[in-house]
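What follows is one structure encoded as structure tokens, with my remarks underneath.
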Amino acid sequence: YTMPVNSGEDAILDPVGRLKHLTELGSSVTVDHNVAIVRYFRSGPQMEKMARTYYSEGQWEQAFILYNKFATLFVEKLPKHPGYSKAPATDRSRVKKLLKSSFEKAMELKEKLKMKYEQERNDYIQQKKIEMAKDCRYGREPASDKTGEILLLLLLLFILLFFRQIIFLFVEISQ
């Protein structure tokens, strides 16, 4: 898992947005109607098994995404597959049992991730407060997020002054 495009301060400060991003990743599932339905029913349990492995390894984001993909695939997408009604009853029954536990794990992970993201946000805010307090204690201006913009403006100013000197040299030479 990687942070959303607006990673950094915005992402850390928005636990709900981070969860929404994971949910969107988990919902992005496509089904090829030319692929035999049995292939989906055979690979589905492997997907759920991989989600359990991620969960047991503490990789909650990856587990959450896979549990969501599994549920999206078998609840929303596959019932529209032309061969769905021809899927073996044993395969459908096995997947149905896995879906129940997958939903429960996904809900559990959602709560754990929400708490984790809220803690990360709180830690980040606390760290920023500490940095600002240090800056004030030592008489420095608080660190600005606009440092890059200031450096760019200084560079542009330097370039303008440089070209101004070149123009003055050419004027002197031409006289």
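So you can find residues: chains in the structure tokens are A, B, ... in the order shown, residues in each start at 1, and ligands are numbered from 1 in order.
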Practice prompt. Within chain A, find each residue whose DSSP state, derived from the backbone, is alpha helix (DSSP H), and express the selection as an MDAnalysis selection string.
Written response: chainID A and resid 9:12 15:27 37:56 60:71 89:137 147:174
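Residue nearest Met107 (chain A), chosen from A:Leu78, A:Ala71, A:Ile150, A:Val171 and counting only C-alpha atoms: A:Ala71.
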Discussion item. Need the shell around Val29 (chain A): protein/DNA/RNA residues with any atom at most 10 Å away, counting only C-alpha atoms. Skip same-chain ones fewer than 3 positions apart. Format as a count of residues only?
Written reply: 11
Fill in: Within 10 Å of Glu48 (chain A) using only C-alpha atoms, minus same-chain residues under 4 positions, as an NGL selection string
:A and (43-44 or 52-54 or 63 or 66-71 or 95 or 98-99 or 101-102)
Can you spit out the residues from that selection as a tab-separated table (two decimals), in the first residue's frame, using C-alpha atoms?
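The result, stored in out.tsv:
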chain	number	residue	atom	x	y	z
A	43	SER	CA	-8.94	-18.11	-7.23
A	44	GLY	CA	-11.30	-16.40	-4.76
A	52	ARG	CA	-5.50	-13.63	6.11
A	53	THR	CA	-1.72	-13.87	5.64
A	54	TYR	CA	-1.41	-10.10	5.34
A	63	ALA	CA	-5.38	-7.21	4.14
A	66	LEU	CA	-7.85	-7.76	-0.39
A	67	TYR	CA	-10.85	-8.48	1.84
A	68	ASN	CA	-12.68	-5.68	0.04
A	69	LYS	CA	-11.66	-6.97	-3.38
A	70	PHE	CA	-12.84	-10.45	-2.42
A	71	ALA	CA	-16.21	-9.16	-1.24
A	95	VAL	CA	-17.17	-18.81	-1.09
A	98	LEU	CA	-15.57	-17.19	3.34
A	99	LEU	CA	-17.55	-14.03	2.59
A	101	SER	CA	-15.64	-14.13	7.77
A	102	SER	CA	-14.19	-11.69	5.21
